[in-house]
$ cat structure_14.txt   # compact mmCIF, C-alpha atoms
# COMPACT_ATOMS: atom_id res chain seq x y z
CA GLU A 1277 172.92 -63.14 95.74
CA ALA A 1278 174.02 -64.21 92.28
CA ASP A 1279 172.29 -62.67 89.27
CA ILE A 1280 172.28 -65.39 86.67
CA TYR A 1281 169.21 -66.23 84.67
CA GLN A 1282 168.12 -69.03 82.42
CA THR A 1283 165.16 -69.29 80.09
CA PRO A 1284 163.07 -71.23 79.56
CA ARG A 1285 162.87 -73.06 82.88
CA TYR A 1286 161.02 -75.97 81.32
CA LEU A 1287 160.81 -76.99 77.66
CA VAL A 1288 159.06 -79.91 76.00
CA ILE A 1289 159.83 -80.16 72.30
CA GLY A 1290 159.58 -82.66 69.47
CA THR A 1291 162.44 -84.52 67.84
CA GLY A 1292 164.27 -82.62 65.12
CA LYS A 1293 163.49 -79.13 66.36
CA LYS A 1294 166.18 -76.50 66.80
CA ILE A 1295 166.32 -74.99 70.27
CA THR A 1296 168.33 -72.33 72.04
CA LEU A 1297 168.68 -72.24 75.81
CA GLU A 1298 169.37 -68.75 77.11
CA CYS A 1299 171.74 -67.81 79.91
CA SER A 1300 172.49 -64.30 81.10
CA GLN A 1301 174.40 -62.86 84.04
CA THR A 1302 174.62 -59.28 85.21
CA MET A 1303 177.76 -59.61 87.32
CA GLY A 1304 180.27 -58.95 84.54
CA HIS A 1305 181.89 -62.36 85.01
CA ASP A 1306 184.25 -63.40 82.22
CA LYS A 1307 184.09 -67.14 82.86
CA MET A 1308 180.84 -68.95 82.09
CA TYR A 1309 179.94 -72.63 81.94
CA TRP A 1310 177.25 -75.04 80.77
CA TYR A 1311 176.63 -78.28 82.64
CA GLN A 1312 174.33 -81.19 81.90
CA GLN A 1313 172.79 -83.14 84.77
CA ASP A 1314 170.53 -86.18 84.63
CA PRO A 1315 168.33 -86.87 87.69
CA GLY A 1316 170.40 -88.18 90.59
CA MET A 1317 173.59 -88.00 88.59
CA GLU A 1318 176.62 -85.74 88.64
CA LEU A 1319 177.01 -82.52 86.74
CA HIS A 1320 179.03 -82.82 83.55
CA LEU A 1321 180.74 -79.82 82.00
CA ILE A 1322 179.78 -79.57 78.32
CA HIS A 1323 180.98 -76.06 77.38
CA TYR A 1324 182.86 -73.18 78.91
CA SER A 1325 184.00 -69.70 77.98
CA TYR A 1326 186.74 -67.48 79.36
CA GLY A 1327 185.35 -64.36 77.76
CA VAL A 1328 183.93 -62.80 74.61
CA ASN A 1329 184.68 -64.87 71.49
CA SER A 1330 186.17 -67.66 73.62
CA THR A 1331 184.40 -71.03 73.78
CA GLU A 1332 185.71 -74.50 74.57
CA LYS A 1333 184.20 -77.96 74.76
CA GLY A 1334 183.99 -79.53 78.18
CA ASP A 1335 184.66 -83.01 79.46
CA LEU A 1336 181.41 -84.54 78.26
CA SER A 1337 180.89 -84.73 74.52
CA SER A 1338 177.81 -82.82 73.49
CA GLU A 1339 176.07 -82.19 70.19
CA SER A 1340 175.20 -78.69 71.34
CA THR A 1341 177.05 -75.51 70.40
CA VAL A 1342 177.57 -72.24 72.26
CA SER A 1343 178.48 -68.67 71.44
CA ARG A 1344 179.82 -65.74 73.47
CA ILE A 1345 179.32 -62.49 71.62
CA ARG A 1346 178.63 -60.46 74.75
CA THR A 1347 180.06 -60.88 78.23
CA GLU A 1348 176.66 -61.25 79.83
CA HIS A 1349 175.15 -63.73 77.39
CA PHE A 1350 176.08 -67.40 76.80
CA PRO A 1351 173.39 -69.23 74.81
CA LEU A 1352 173.43 -72.96 74.07
CA THR A 1353 171.94 -74.31 70.83
CA LEU A 1354 170.82 -77.75 69.72
CA GLU A 1355 170.38 -77.83 65.94
CA SER A 1356 168.24 -80.97 65.95
CA ALA A 1357 166.88 -82.14 69.28
CA ARG A 1358 166.70 -85.86 70.05
CA PRO A 1359 165.25 -87.81 73.01
CA SER A 1360 168.82 -88.47 74.20
CA HIS A 1361 169.13 -84.72 74.81
CA THR A 1362 166.48 -84.91 77.54
CA SER A 1363 168.21 -83.61 80.67
CA GLN A 1364 168.66 -80.62 82.95
CA TYR A 1365 171.01 -77.91 81.63
CA LEU A 1366 172.65 -75.62 84.17
CA CYS A 1367 174.50 -72.43 83.35
CA ALA A 1368 177.09 -70.95 85.72
CA SER A 1369 179.54 -68.09 85.97
CA SER A 1370 182.51 -67.69 88.28
CA VAL A 1371 183.85 -64.78 90.29
CA PRO A 1372 187.17 -63.36 89.04
CA ARG A 1373 189.07 -63.85 92.31
CA GLU A 1374 189.81 -66.65 94.77
CA PRO A 1375 188.13 -68.93 95.48
CA TYR A 1376 186.58 -68.53 92.00
CA GLU A 1377 183.35 -70.09 93.15
CA GLN A 1378 180.72 -70.69 90.53
CA TYR A 1379 177.19 -69.36 90.75
CA PHE A 1380 174.50 -71.35 89.03
CA GLY A 1381 171.36 -70.33 87.24
CA PRO A 1382 168.07 -72.08 88.02
CA GLY A 1383 168.47 -74.51 85.13
CA THR A 1384 166.43 -75.52 82.10
CA ARG A 1385 164.72 -78.88 82.23
CA LEU A 1386 164.52 -80.11 78.63
CA THR A 1387 162.32 -82.97 77.46
CA VAL A 1388 162.52 -84.10 73.85
CA THR A 1389 159.65 -86.33 72.75
CA GLY B 131 190.68 -85.62 84.53
CA GLN B 132 189.26 -86.26 87.95
CA ASN B 133 187.98 -89.29 89.85
CA ILE B 134 185.76 -88.10 92.69
CA ASP B 135 184.04 -90.51 95.07
CA GLN B 136 181.47 -89.83 97.74
CA PRO B 137 178.76 -91.98 99.34
CA THR B 138 175.44 -92.10 97.54
CA GLU B 139 173.12 -91.64 100.51
CA MET B 140 173.18 -90.84 104.22
CA THR B 141 170.36 -90.57 106.74
CA ALA B 142 170.48 -88.79 110.07
CA THR B 143 168.16 -87.48 112.77
CA GLU B 144 167.28 -83.84 113.30
CA GLY B 145 169.82 -82.25 115.65
CA ALA B 146 172.51 -84.83 114.91
CA ILE B 147 175.86 -84.51 113.13
CA VAL B 148 176.66 -86.02 109.75
CA GLN B 149 180.03 -86.27 108.02
CA ILE B 150 180.17 -86.66 104.24
CA ASN B 151 183.47 -87.96 102.93
CA CYS B 152 184.95 -87.26 99.52
CA THR B 153 188.06 -88.75 97.96
CA TYR B 154 189.59 -87.56 94.75
CA GLN B 155 192.37 -88.32 92.32
CA THR B 156 193.53 -85.45 90.18
CA SER B 157 196.25 -84.52 87.75
CA GLY B 158 196.04 -80.91 88.87
CA PHE B 159 194.51 -79.46 92.01
CA ASN B 160 193.54 -75.87 92.66
CA GLY B 161 190.97 -76.32 95.41
CA LEU B 162 187.93 -78.27 96.52
CA PHE B 163 184.37 -77.04 96.79
CA TRP B 164 181.26 -78.29 98.50
CA TYR B 165 177.90 -77.36 97.04
CA GLN B 166 174.37 -78.00 98.29
CA GLN B 167 171.65 -78.90 95.82
CA HIS B 168 168.00 -79.26 96.77
CA ALA B 169 165.88 -81.47 94.54
CA GLY B 170 165.06 -79.72 91.28
CA GLU B 171 167.14 -76.68 92.11
CA ALA B 172 170.55 -75.35 91.16
CA PRO B 173 173.64 -76.02 93.32
CA THR B 174 174.59 -73.33 95.82
CA PHE B 175 178.11 -72.72 97.09
CA LEU B 176 178.86 -73.92 100.64
CA SER B 177 182.61 -73.98 101.19
CA TYR B 178 186.05 -73.93 99.63
CA ASN B 179 189.35 -75.50 100.77
CA VAL B 180 192.69 -75.07 99.08
CA LEU B 181 195.03 -75.58 102.06
CA ASP B 182 195.05 -78.52 104.47
CA GLY B 183 192.88 -78.12 107.52
CA LEU B 184 189.42 -77.28 108.70
CA GLU B 185 187.27 -74.37 107.51
CA GLU B 186 184.30 -73.60 109.72
CA LYS B 187 181.26 -71.65 108.62
CA GLY B 188 178.40 -71.75 111.07
CA ARG B 189 176.88 -75.22 111.27
CA PHE B 190 178.94 -76.41 108.32
CA SER B 191 182.66 -77.25 108.36
CA SER B 192 184.87 -78.62 105.61
CA PHE B 193 188.21 -80.38 105.94
CA LEU B 194 190.93 -81.05 103.38
CA SER B 195 194.00 -83.27 103.28
CA ARG B 196 195.79 -82.79 99.98
CA SER B 197 198.33 -85.55 100.61
CA LYS B 198 195.50 -88.07 101.10
CA GLY B 199 193.22 -86.69 98.40
CA TYR B 200 190.49 -86.49 101.00
CA SER B 201 187.89 -84.02 102.18
CA TYR B 202 184.83 -84.11 104.37
CA LEU B 203 181.85 -81.88 104.96
CA LEU B 204 180.52 -81.83 108.50
CA LEU B 205 176.94 -80.77 109.11
CA LYS B 206 176.09 -80.04 112.73
CA GLU B 207 172.76 -79.53 114.48
CA LEU B 208 170.94 -80.97 111.50
CA GLN B 209 167.70 -79.34 110.45
CA MET B 210 164.99 -80.65 108.16
CA LYS B 211 165.94 -78.05 105.56
CA ASP B 212 169.40 -79.66 105.31
CA SER B 213 167.85 -82.58 103.42
CA ALA B 214 169.54 -82.18 100.05
CA SER B 215 172.30 -83.50 97.84
CA TYR B 216 175.83 -82.41 98.74
CA LEU B 217 178.29 -82.21 95.88
CA CYS B 218 182.06 -82.44 96.20
CA ALA B 219 183.87 -80.70 93.35
CA VAL B 220 187.54 -80.30 92.51
CA ILE B 221 188.87 -77.37 90.52
CA GLU B 222 191.78 -77.74 88.15
CA GLY B 223 194.35 -75.14 87.23
CA ASP B 224 192.24 -73.53 84.51
CA TYR B 225 189.30 -73.22 86.86
CA LYS B 226 187.13 -76.00 85.51
CA LEU B 227 185.08 -77.81 88.13
CA SER B 228 184.69 -81.58 88.18
CA PHE B 229 181.84 -82.83 90.33
CA GLY B 230 181.24 -86.01 92.24
CA ALA B 231 177.85 -87.70 91.89
CA GLY B 232 176.65 -86.17 95.14
CA THR B 233 175.54 -87.53 98.51
CA THR B 234 171.83 -87.37 99.25
CA VAL B 235 171.30 -86.55 102.92
CA THR B 236 167.89 -87.27 104.41
CA VAL B 237 167.12 -85.68 107.78
CA ARG B 238 164.43 -87.43 109.81
CA ALA B 239 162.46 -85.93 112.68

$ encode --input "structure_14.txt" --output "structure tokens"
Amino acid sequence: EADIYQTPRYLVIGTGKKITLECSQTMGHDKMYWYQQDPGMELHLIHYSYGVNSTEKGDLSSESTVSRIRTEHFPLTLESARPSHTSQYLCASSVPREPYEQYFGPGTRLTVT
Amino acid sequence: GQNIDQPTEMTATEGAIVQINCTYQTSGFNGLFWYQQHAGEAPTFLSYNVLDGLEEKGRFSSFLSRSKGYSYLLLKELQMKDSASYLCAVIEGDYKLSFGAGTTVTVRA
């Protein structure tokens, strides 16, 4: 059973607000990831981290930013939310050995009005 | 980058077998995963193939042919709880996953 948590699970917020989506894991995994998924669509990697103080942008351009100050914590921030940011955001971490499978958190469903 | 294709939807009867195909084109290949995702939930890991051949895990089996850029997930003895989306994902050398759009499997009684 993977121990990866995301808060909030659901968020409805107005345009222009700053928001931070929290992701924490208690497995000591170095590699962590943020994905964005629209209903019925594929997951797109928007950010990843290989460890503390390491962050990289993913394949899908995103206006969000991330930080990795502690191994267990990988928050995602939107400085000014817009309706186009409405989506599901999934956080994941991967085991440090083959097959390096990724474990996903429950997700945050964000709606920007 | 990756180009991953899988059928959008499949329907089968309880107790039957369903095979979900996945084709991929990749500039680097370090393995292929299958994940299951129930509606509104996070994906959960099902299987991993890095060498050619069949990997069997209970009612689920996954096959890989690297030369053909092809994989399939076989679900046997279908149960109602198997109704979900099944995601094919390819991992590149630096351990980033690229996902297909998923195949929604509907199991009917």

$ closest_residue --input "structure_14.txt" --among "A:Asp1279, A:Asp1306, A:Glu1374, A:Glu1318" --to "B:Tyr165" --atoms "only C-alpha atoms"
A:Glu1318

$ interface_residues --input "structure_14.txt" --of "chain A" --to "chain B" --cutoff "12 Å" --atoms "only C-alpha atoms" --output "ChimeraX atom specification"
/A:1277-1278,1280-1282,1285-1286,1306-1326,1332-1336,1363-1385

$ closest_residue --input "structure_14.txt" --among "A:Val1328, A:Met1303, A:Leu1287, A:Leu1386" --to "A:Ser1343" --atoms "all atoms listed in the file"
A:Val1328

$ atom_distance --input "structure_14.txt" --atom1 "atom CA of A:Gln1301" --atom2 "atom CA of A:Pro1284"
14.8 Å

$ residues_around --input "structure_14.txt" --residues "stretch 189-196 of chain B" --least-positions-apart "4" --cutoff "12 Å" --atoms "all atoms listed in the file" --output "MDAnalysis selection string"
chainID B and resid 145:156 158:166 175:185 200:209 212 216 218 220

$ decode --input "structure_14.txt" --residues "stretch 1308-1339 of chain A" --atoms "C-alpha atoms" --output "compact mmCIF listing (two decimals), in the first residue's frame"
# COMPACT_ATOMS: atom_id res chain seq x y z
CA MET A 1308 8.18 12.63 -7.49
CA TYR A 1309 5.87 13.77 -10.27
CA TRP A 1310 2.86 15.98 -10.99
CA TYR A 1311 0.41 15.03 -13.72
CA GLN A 1312 -2.60 16.85 -15.11
CA GLN A 1313 -5.58 14.86 -16.37
CA ASP A 1314 -8.78 16.14 -17.96
CA PRO A 1315 -11.84 13.82 -17.82
CA GLY A 1316 -11.46 10.92 -20.23
CA MET A 1317 -8.08 12.12 -21.38
CA GLU A 1318 -4.52 10.94 -20.84
CA LEU A 1319 -2.26 11.98 -18.01
CA HIS A 1320 0.25 14.66 -18.93
CA LEU A 1321 3.45 15.13 -16.95
CA ILE A 1322 3.78 18.78 -15.91
CA HIS A 1323 6.59 18.65 -13.31
CA TYR A 1324 9.00 16.17 -11.83
CA SER A 1325 11.74 16.06 -9.23
CA TYR A 1326 14.65 13.69 -8.72
CA GLY A 1327 15.26 14.82 -5.17
CA VAL A 1328 15.61 17.77 -2.83
CA ASN A 1329 16.25 21.05 -4.69
CA SER A 1330 15.72 19.32 -8.04
CA THR A 1331 12.71 20.28 -10.17
CA GLU A 1332 12.12 20.00 -13.91
CA LYS A 1333 9.27 20.90 -16.25
CA GLY A 1334 7.44 18.02 -17.86
CA ASP A 1335 6.16 17.42 -21.35
CA LEU A 1336 3.06 19.58 -21.03
CA SER A 1337 3.60 23.30 -20.58
CA SER A 1338 2.08 24.50 -17.36
CA GLU A 1339 1.80 27.87 -15.65
